[in-house]
$ cat target_15.cif   # mmCIF, C-alpha atoms
data_start
#
loop_
_atom_site.label_atom_id
_atom_site.label_comp_id
_atom_site.auth_asym_id
_atom_site.auth_seq_id
_atom_site.Cartn_x
_atom_site.Cartn_y
_atom_site.Cartn_z
CA MET A 1 0.00 0.00 0.00
CA LEU A 2 1.37 3.42 -1.00
CA ILE A 3 -0.36 6.69 -0.07
CA LEU A 4 0.54 10.01 -1.70
CA VAL A 5 -0.93 13.50 -1.36
CA LYS A 6 -1.83 14.34 -4.93
CA ASN A 7 -3.34 17.79 -4.51
CA PRO A 8 -2.60 19.48 -1.14
CA GLN A 9 -4.87 22.46 -1.90
CA HIS A 10 -7.91 20.23 -2.29
CA MET A 11 -6.61 17.55 0.12
CA GLU A 12 -6.86 14.83 -2.49
CA ALA A 13 -4.65 11.86 -1.77
CA THR A 14 -4.05 8.66 -3.70
CA ILE A 15 -3.50 5.10 -2.63
CA THR A 16 -2.21 2.25 -4.76
CA TYR A 17 -3.47 -1.21 -3.89
CA GLN A 18 -3.18 -4.36 -5.96
CA ASP A 19 -1.96 -2.37 -8.98
CA GLN A 20 -4.99 -0.05 -8.87
CA THR A 21 -4.78 3.61 -7.85
CA TYR A 22 -7.60 5.21 -5.85
CA THR A 23 -8.24 8.72 -4.58
CA PHE A 24 -9.68 9.83 -1.23
CA ASN A 25 -10.16 13.00 0.76
CA PRO A 26 -8.47 12.93 4.21
CA LEU A 27 -10.79 15.75 5.33
CA GLN A 28 -13.95 13.68 4.82
CA PRO A 29 -13.84 10.92 7.47
CA LEU A 30 -16.78 8.60 8.11
CA ASP A 31 -16.91 7.50 11.74
CA ILE A 32 -18.47 4.04 12.22
CA SER A 33 -17.80 3.77 15.95
CA MET A 34 -20.39 4.11 18.72
CA PRO A 35 -19.81 6.94 21.22
CA LEU A 36 -19.68 6.04 24.91
CA HIS A 37 -21.65 8.12 27.41
CA ASP A 38 -21.73 8.41 31.18
CA ARG A 39 -24.71 6.38 32.39
CA GLN A 40 -26.84 7.23 29.35
CA PRO A 41 -28.66 4.94 26.91
CA GLN A 42 -26.08 3.11 24.81
CA PRO A 43 -25.45 -0.42 23.51
CA GLU A 44 -24.79 -3.18 26.02
CA CYS A 45 -24.15 -6.88 25.60
CA PHE A 46 -22.99 -9.90 27.57
CA TRP A 47 -24.42 -8.40 30.75
CA ALA A 48 -21.79 -5.66 30.99
CA GLU A 49 -22.29 -2.88 33.53
CA PRO A 50 -23.10 0.58 32.11
CA VAL A 51 -20.23 2.90 31.25
CA GLN A 52 -19.44 5.28 34.10
CA PHE A 53 -17.28 8.42 34.34
CA ASP A 54 -16.46 9.02 38.02
CA VAL A 55 -15.05 12.29 39.38
CA ILE A 56 -11.72 11.84 41.19
CA ARG A 57 -11.74 13.34 44.70
CA VAL A 58 -8.53 13.59 46.76
CA GLY A 59 -8.60 15.71 49.92
CA ASP A 60 -9.82 19.19 48.93
CA PHE A 61 -9.34 18.43 45.23
CA VAL A 62 -12.39 17.67 43.09
CA GLY A 63 -11.90 16.70 39.45
CA SER A 64 -14.90 18.58 38.12
CA VAL A 65 -14.93 22.17 36.88
CA ALA A 66 -18.73 22.15 37.22
CA GLU A 67 -18.27 21.43 40.95
CA GLY A 68 -15.67 24.16 41.42
CA GLY A 69 -12.51 22.23 40.57
CA SER A 70 -9.70 23.62 38.44
CA THR A 71 -9.78 20.74 35.96
CA ASN A 72 -11.89 17.79 34.89
CA TYR A 73 -10.24 14.59 36.12
CA LYS A 74 -12.27 11.39 35.92
CA ARG A 75 -12.01 7.63 36.13
CA VAL A 76 -13.59 5.66 33.30
CA HIS A 77 -15.38 2.36 34.00
CA VAL A 78 -15.84 0.44 30.74
CA THR A 79 -16.00 -3.20 29.66
CA PRO A 80 -14.56 -3.31 26.13
CA HIS A 81 -16.39 -6.48 25.02
CA GLY A 82 -19.70 -5.29 26.43
CA ASN A 83 -19.79 -1.51 25.94
CA GLY A 84 -19.80 -0.19 22.40
CA THR A 85 -17.32 -0.50 19.55
CA HIS A 86 -14.27 -2.60 20.38
CA THR A 87 -11.44 -4.36 18.58
CA GLU A 88 -10.09 -7.70 19.75
CA CYS A 89 -7.21 -10.03 18.92
CA TYR A 90 -6.76 -13.78 19.30
CA GLY A 91 -5.96 -13.15 22.97
CA HIS A 92 -9.74 -13.18 23.44
CA ILE A 93 -9.63 -16.98 23.22
CA SER A 94 -6.04 -17.63 24.31
CA ALA A 95 -4.17 -17.86 27.63
CA ASP A 96 -1.08 -16.31 25.99
CA LYS A 97 -0.25 -13.24 28.08
CA ASN A 98 1.48 -11.62 25.11
CA ALA A 99 -1.64 -11.88 22.98
CA THR A 100 -2.81 -8.30 23.52
CA ILE A 101 -4.38 -5.90 21.05
CA HIS A 102 -1.44 -3.53 21.57
CA ASN A 103 1.03 -6.26 20.59
CA CYS A 104 -1.01 -7.72 17.73
CA LEU A 105 -2.26 -4.65 15.84
CA LYS A 106 0.79 -2.89 14.41
CA ARG A 107 -0.70 -1.32 11.25
CA PHE A 108 -3.74 0.94 11.27
CA LEU A 109 -4.57 1.74 7.62
CA PHE A 110 -6.27 -0.89 5.45
CA VAL A 111 -8.29 -1.19 2.26
CA ALA A 112 -11.74 -2.33 3.36
CA GLN A 113 -14.92 -3.51 1.65
CA LEU A 114 -18.26 -2.55 3.22
CA ILE A 115 -21.12 -4.92 2.42
CA THR A 116 -24.70 -5.13 3.68
CA VAL A 117 -26.23 -8.50 4.56
CA GLN A 118 -29.62 -9.74 5.76
CA PRO A 119 -29.42 -12.40 8.50
CA GLN A 120 -31.50 -15.46 7.67
CA ARG A 121 -33.83 -17.14 10.19
CA ARG A 122 -33.06 -20.78 10.91
CA GLU A 123 -35.54 -23.42 12.01
CA ASN A 124 -34.48 -22.98 15.66
CA GLY A 125 -35.35 -19.27 15.50
CA ASP A 126 -31.75 -17.99 15.35
CA LYS A 127 -30.92 -15.21 12.89
CA VAL A 128 -27.65 -15.99 11.13
CA VAL A 129 -25.53 -14.22 8.52
CA MET A 130 -24.86 -16.89 5.90
CA LEU A 131 -21.59 -17.53 4.07
CA GLU A 132 -23.26 -17.53 0.63
CA ASP A 133 -24.61 -14.01 1.21
CA VAL A 134 -21.16 -12.71 2.16
CA GLN A 135 -19.46 -14.40 -0.78
CA ALA A 136 -22.02 -12.98 -3.21
CA GLN A 137 -21.23 -9.40 -2.22
CA LEU A 138 -17.45 -9.41 -2.12
CA GLN A 139 -16.05 -8.00 -5.35
CA SER A 140 -13.14 -9.32 -7.39
CA ILE A 141 -10.66 -7.28 -5.37
CA THR A 142 -9.54 -8.97 -2.15
CA PRO A 143 -9.58 -6.30 0.56
CA GLU A 144 -7.51 -6.33 3.72
CA ALA A 145 -10.64 -5.80 5.81
CA VAL A 146 -14.34 -6.65 5.45
CA ILE A 147 -17.06 -4.61 7.13
CA LEU A 148 -20.43 -6.33 7.60
CA ARG A 149 -23.53 -4.17 8.03
CA THR A 150 -26.66 -6.12 8.90
CA LEU A 151 -30.30 -5.40 8.13
CA PRO A 152 -32.46 -3.92 9.45
CA ASN A 153 -30.15 -0.95 10.01
CA SER A 154 -31.22 2.04 12.10
CA ASP A 155 -29.79 4.27 14.82
CA GLU A 156 -31.65 2.09 17.34
CA LYS A 157 -28.44 0.04 17.26
CA LEU A 158 -26.77 2.87 19.18
CA THR A 159 -28.81 2.10 22.30
CA ARG A 160 -29.84 -1.54 21.96
CA HIS A 161 -29.47 -3.88 24.94
CA TYR A 162 -28.50 -7.27 23.56
CA SER A 163 -27.96 -9.29 26.74
CA GLY A 164 -30.17 -12.36 26.88
CA THR A 165 -31.79 -11.68 23.48
CA ASN A 166 -29.84 -14.19 21.33
CA PRO A 167 -28.87 -11.54 18.75
CA PRO A 168 -27.88 -12.42 15.17
CA TYR A 169 -24.45 -13.94 14.59
CA LEU A 170 -22.30 -15.29 11.76
CA GLU A 171 -22.26 -18.75 10.24
CA HIS A 172 -18.89 -19.99 11.49
CA THR A 173 -17.75 -20.91 7.98
CA ILE A 174 -17.51 -17.17 7.26
CA GLY A 175 -14.52 -17.02 9.59
CA GLN A 176 -12.84 -19.86 7.71
CA TYR A 177 -13.61 -18.31 4.32
CA LEU A 178 -12.21 -14.89 5.26
CA ALA A 179 -9.07 -16.47 6.69
CA GLU A 180 -8.56 -18.47 3.48
CA GLN A 181 -8.91 -15.25 1.47
CA GLY A 182 -6.18 -13.62 3.56
CA ILE A 183 -8.54 -10.98 4.97
CA GLN A 184 -6.94 -9.72 8.18
CA HIS A 185 -9.66 -7.60 9.75
CA LEU A 186 -13.38 -8.25 10.21
CA LEU A 187 -15.73 -5.53 11.41
CA LEU A 188 -19.45 -5.97 12.09
CA ASP A 189 -22.38 -4.25 13.81
CA LEU A 190 -23.30 -7.21 16.04
CA PRO A 191 -22.17 -7.99 19.61
CA SER A 192 -20.20 -11.03 18.45
CA VAL A 193 -19.35 -13.12 15.42
CA ASP A 194 -20.60 -16.10 17.45
CA LYS A 195 -23.87 -17.00 19.12
CA GLU A 196 -24.46 -15.34 22.50
CA SER A 197 -24.56 -18.71 24.30
CA ASP A 198 -22.75 -21.46 22.40
CA GLU A 199 -21.27 -23.54 25.24
CA GLY A 200 -17.94 -21.74 24.86
CA LYS A 201 -17.25 -23.10 21.36
CA LEU A 202 -16.74 -19.70 19.66
CA LEU A 203 -16.43 -21.46 16.32
CA CYS A 204 -16.24 -18.34 14.15
CA HIS A 205 -13.62 -16.72 16.40
CA HIS A 206 -11.46 -19.85 16.18
CA ALA A 207 -11.94 -20.19 12.43
CA PHE A 208 -11.10 -16.56 11.67
CA TRP A 209 -7.97 -16.53 13.82
CA GLN A 210 -7.08 -20.12 12.82
CA TYR A 211 -6.42 -20.72 16.51
CA PRO A 212 -4.62 -22.63 17.93
CA HIS A 213 -2.86 -24.56 15.13
CA ASN A 214 -2.07 -21.79 12.60
CA THR A 215 -2.81 -18.64 14.57
CA ARG A 216 -3.13 -15.39 12.60
CA CYS A 217 -1.61 -13.15 15.26
CA GLY A 218 -2.15 -9.87 13.39
CA ALA A 219 -5.80 -10.46 12.56
CA THR A 220 -8.52 -8.58 14.46
CA ILE A 221 -12.28 -8.62 14.94
CA THR A 222 -14.14 -5.37 15.60
CA GLU A 223 -17.67 -5.68 16.98
CA LEU A 224 -20.54 -3.25 17.62
CA ILE A 225 -19.73 -0.78 14.89
CA TYR A 226 -22.52 1.31 13.38
CA ALA A 227 -22.47 2.19 9.67
CA PRO A 228 -25.45 4.53 8.98
CA ALA A 229 -27.48 4.00 5.84
CA HIS A 230 -26.04 7.12 4.19
CA ILE A 231 -22.67 5.34 3.90
CA PRO A 232 -23.00 3.18 0.76
CA ASP A 233 -21.53 -0.25 0.24
CA GLY A 234 -18.17 -0.04 -1.45
CA LEU A 235 -14.43 0.27 -1.07
CA TYR A 236 -12.90 2.42 1.68
CA LEU A 237 -9.63 3.24 3.35
CA LEU A 238 -10.02 2.10 6.96
CA ASN A 239 -8.19 3.77 9.84
CA LEU A 240 -8.55 1.38 12.79
CA GLN A 241 -7.79 3.30 15.99
CA ILE A 242 -7.37 1.68 19.40
CA ALA A 243 -6.10 2.58 22.86
CA SER A 244 -2.69 1.09 23.67
CA LEU A 245 -4.03 -1.39 26.20
CA GLN A 246 -2.21 -4.59 27.08
CA LEU A 247 -5.51 -6.48 26.97
CA ASP A 248 -7.10 -8.79 24.46
CA ALA A 249 -9.44 -5.97 23.41
CA SER A 250 -9.74 -2.19 23.39
CA PRO A 251 -12.51 0.34 22.79
CA SER A 252 -11.90 1.44 19.22
CA LYS A 253 -12.72 4.08 16.63
CA PRO A 254 -12.79 2.79 13.05
CA ILE A 255 -12.81 5.61 10.50
CA LEU A 256 -13.55 5.23 6.78
CA TYR A 257 -12.49 7.30 3.76
CA THR A 258 -14.28 6.75 0.46
CA LEU A 259 -12.03 5.33 -2.25
CA ALA A 260 -12.66 6.14 -5.90
CA PRO A 261 -10.69 4.86 -8.90
CA ALA A 262 -8.20 7.49 -10.01
CA ALA A 263 -8.59 9.00 -13.46
CA PRO A 264 -6.07 7.63 -15.98
CA SER A 265 -2.93 9.75 -16.35
CA ARG A 266 -2.67 11.74 -19.57
#

$ encode --input "target_15.cif" --output "C-alpha cells"
Amino acid sequence: MLILVKNPQHMEATITYQDQTYTFNPLQPLDISMPLHDRQPQPECFWAEPVQFDVIRVGDFVGSVAEGGSTNYKRVHVTPHGNGTHTECYGHISADKNATIHNCLKRFLFVAQLITVQPQRRENGDKVVMLEDVQAQLQSITPEAVILRTLPNSDEKLTRHYSGTNPPYLEHTIGQYLAEQGIQHLLLDLPSVDKESDEGKLLCHHAFWQYPHNTRCGATITELIYAPAHIPDGLYLLNLQIASLQLDASPSKPILYTLAPAAPSR
C-alpha cells in the first residue's frame, strides 16, 4: 500500500493497492464507531455494567470544573467487550499473556470492503448471517478488511441492549472463508461473530484466527460498529484506531475514507 498526497490544496490523496490507484479526501472521514456516554442509553451486551465516568476526589481536590474544581479529572469504567465498539485479537480466546491488542495490531490503515447483509432465520429461530450471502457481495478485489452491516439498520443500534436476546451472529464458515482469502480484519455491527450462548465453542472466532494450530496473530475482529445507511456499500480506506491497552481488546474508533478509482494519467 502506497499513499501520496496528490493535490494538497484540495486535500486529495491517492492510494495504490493491488496495482490499482484510488483517490480519497483525508478531510472527509466517516466514523463508524459508537460513542460512549456516562450512564446514558447506549449499547450493552454480555451483561456488561453501564459505562461510568467518576469524578476523582482527593482531599480538597475535586476533578470537576462544574463542581468548582480547576480541571476535569475522571475515572472511566468500561468493559470493552460489552460496551460499544471494540477491537479484539486472538488473545480473546487464548491464555497467551502476550496476545494483547497492543502487541497484535501494528498497522492501522487498510483497504476495506463494506457490504450489507440480511441475516437469515433458521428453524431454531436464530438469525444468522450466511456464508453464501457474504461471498455474493465481495467483489473481485480482495480487501484487507471486510465490514459487515446487517439489516435492518437504524440508529436504534446505538442504544440496543442485547444481553439475553440471542442476537444475530455469523455462520462460522464465514470465519474460515475470510481467513482463506487472507482478509486480516473483520468488522461488524453485532455484539459477536458467534452466538451469545454457544457452550464456549466460539467457532467463528477460532476459524477466523485459525487458533490454535495456525494462529493469525495480526488479525482482528471489531464488533458493535454502526455504519449509517447514508454510507453506501463499497471500497474504503479504513483507519482502525485503538487505545494502547495490554488487553485482548480495546474500545476502538474505526474511520472510513471513500475510495474512488483514479482518473487515468494523460

$ resolve_selection --input "target_15.cif" --expression "the PyMOL selection byres ((chain A and resi 223) around 6)" --output "MDAnalysis selection string"
chainID A and resid 85:86 187:191 222 224:225

$ resolve_selection --input "target_15.cif" --expression "the PyMOL selection byres ((chain A and resi 145) around 7)" --output "NGL selection string"
:A and (110-113 or 143-144 or 146-147 or 183-186)

$ resolve_selection --input "target_15.cif" --expression "the PyMOL selection byres ((chain A and resi 229) around 12)" --output "PDB file with C-alpha atoms, in the coordinates of the input"
ATOM      1  CA  LEU A  30     -16.780   8.600   8.110  1.00  0.00           C
ATOM      2  CA  ILE A  32     -18.470   4.040  12.220  1.00  0.00           C
ATOM      3  CA  LEU A 114     -18.260  -2.550   3.220  1.00  0.00           C
ATOM      4  CA  ILE A 115     -21.120  -4.920   2.420  1.00  0.00           C
ATOM      5  CA  THR A 116     -24.700  -5.130   3.680  1.00  0.00           C
ATOM      6  CA  ARG A 149     -23.530  -4.170   8.030  1.00  0.00           C
ATOM      7  CA  THR A 150     -26.660  -6.120   8.900  1.00  0.00           C
ATOM      8  CA  LEU A 151     -30.300  -5.400   8.130  1.00  0.00           C
ATOM      9  CA  PRO A 152     -32.460  -3.920   9.450  1.00  0.00           C
ATOM     10  CA  ASN A 153     -30.150  -0.950  10.010  1.00  0.00           C
ATOM     11  CA  SER A 154     -31.220   2.040  12.100  1.00  0.00           C
ATOM     12  CA  ASP A 155     -29.790   4.270  14.820  1.00  0.00           C
ATOM     13  CA  TYR A 226     -22.520   1.310  13.380  1.00  0.00           C
ATOM     14  CA  ALA A 227     -22.470   2.190   9.670  1.00  0.00           C
ATOM     15  CA  PRO A 228     -25.450   4.530   8.980  1.00  0.00           C
ATOM     16  CA  HIS A 230     -26.040   7.120   4.190  1.00  0.00           C
ATOM     17  CA  ILE A 231     -22.670   5.340   3.900  1.00  0.00           C
ATOM     18  CA  PRO A 232     -23.000   3.180   0.760  1.00  0.00           C
ATOM     19  CA  ASP A 233     -21.530  -0.250   0.240  1.00  0.00           C
TER      20      ASP A 233
END

$ closest_residue --input "target_15.cif" --among "A:Ser140, A:Thr159, A:Gln241, A:Thr87" --to "A:Thr220" --atoms "all atoms listed in the file"
A:Thr87

$ closest_atom_pairs --input "target_15.cif" --of "stretch 122-193 of chain A" --to "stretch 206-215 of chain A" --cutoff "10 Å" --atoms "only C-alpha atoms" --output "tab-separated table"
residue	atom	partner	partner_atom	distance
A:His172	CA	A:Ala207	CA	7.0
A:Thr173	CA	A:Ala207	CA	7.4
A:Ile174	CA	A:Phe208	CA	7.8
A:Gly175	CA	A:Phe208	CA	4.0
A:Gln176	CA	A:Ala207	CA	4.8
A:Tyr177	CA	A:Phe208	CA	8.0
A:Leu178	CA	A:Phe208	CA	6.7
A:Ala179	CA	A:Phe208	CA	5.4
A:Glu180	CA	A:Phe208	CA	8.8
A:Gly182	CA	A:Phe208	CA	9.9
A:Ile183	CA	A:Phe208	CA	9.1
A:Gln184	CA	A:Phe208	CA	8.7
A:His185	CA	A:Phe208	CA	9.3
A:Leu186	CA	A:Phe208	CA	8.7
A:Val193	CA	A:Phe208	CA	9.7

$ closest_residue --input "target_15.cif" --among "A:Leu27, A:Cys104, A:Leu170, A:Val51" --to "A:Val128" --atoms "all atoms listed in the file"
A:Leu170

$ closest_residue --input "target_15.cif" --among "A:Leu235, A:Arg75, A:Phe61, A:Tyr257" --to "A:Gln137" --atoms "all atoms listed in the file"
A:Leu235

$ axis_aligned_box --input "target_15.cif" --around "stretch 228-241 of chain A" --padding-each-side "6 Å" --output "AutoDock Vina command-line options"
--center_x -17.6 --center_y 3.4 --center_z 7.3 --size_x 31.7 --size_y 19.4 --size_z 29.4

$ atom_distance --input "target_15.cif" --atom1 "atom CA of A:Leu203" --atom2 "atom CA of A:Gln246"
24.5 Å

$ atom_distance --input "target_15.cif" --atom1 "atom CA of A:Leu131" --atom2 "atom CA of A:Val117"
10.2 Å

$ closest_atom_pairs --input "target_15.cif" --of "stretch 55-129 of chain A" --to "stretch 247-250 of chain A" --cutoff "12 Å" --atoms "all atoms listed in the file" --output "tab-separated table"
residue	atom	partner	partner_atom	distance
A:Val78	CA	A:Ser250	CA	9.9
A:Thr79	CA	A:Ser250	CA	8.9
A:Pro80	CA	A:Ser250	CA	5.7
A:His81	CA	A:Ala249	CA	7.2
A:Gly82	CA	A:Ala249	CA	10.7
A:Asn83	CA	A:Ser250	CA	10.4
A:Gly84	CA	A:Ser250	CA	10.3
A:Thr85	CA	A:Ser250	CA	8.7
A:His86	CA	A:Ser250	CA	5.5
A:Thr87	CA	A:Ala249	CA	5.5
A:Glu88	CA	A:Ala249	CA	4.1
A:Cys89	CA	A:Asp248	CA	5.7
A:Tyr90	CA	A:Asp248	CA	7.2
A:Gly91	CA	A:Asp248	CA	4.7
A:His92	CA	A:Asp248	CA	5.2
A:Ile93	CA	A:Asp248	CA	8.7
A:Ser94	CA	A:Asp248	CA	8.9
A:Ala95	CA	A:Asp248	CA	10.0
A:Asp96	CA	A:Asp248	CA	9.8
A:Lys97	CA	A:Leu247	CA	8.6
A:Asn98	CA	A:Leu247	CA	8.9
A:Ala99	CA	A:Asp248	CA	6.4
A:Thr100	CA	A:Asp248	CA	4.4
A:Ile101	CA	A:Asp248	CA	5.2
A:His102	CA	A:Leu247	CA	7.4
A:Asn103	CA	A:Leu247	CA	9.1
A:Cys104	CA	A:Asp248	CA	9.1
A:Leu105	CA	A:Ala249	CA	10.5

$ closest_residue --input "target_15.cif" --among "A:Glu12, A:Val62, A:Phe46, A:Lys157" --to "A:Glu196" --atoms "all atoms listed in the file"
A:Phe46

$ atom_distance --input "target_15.cif" --atom1 "atom CA of A:Glu199" --atom2 "atom CA of A:Pro119"
21.7 Å
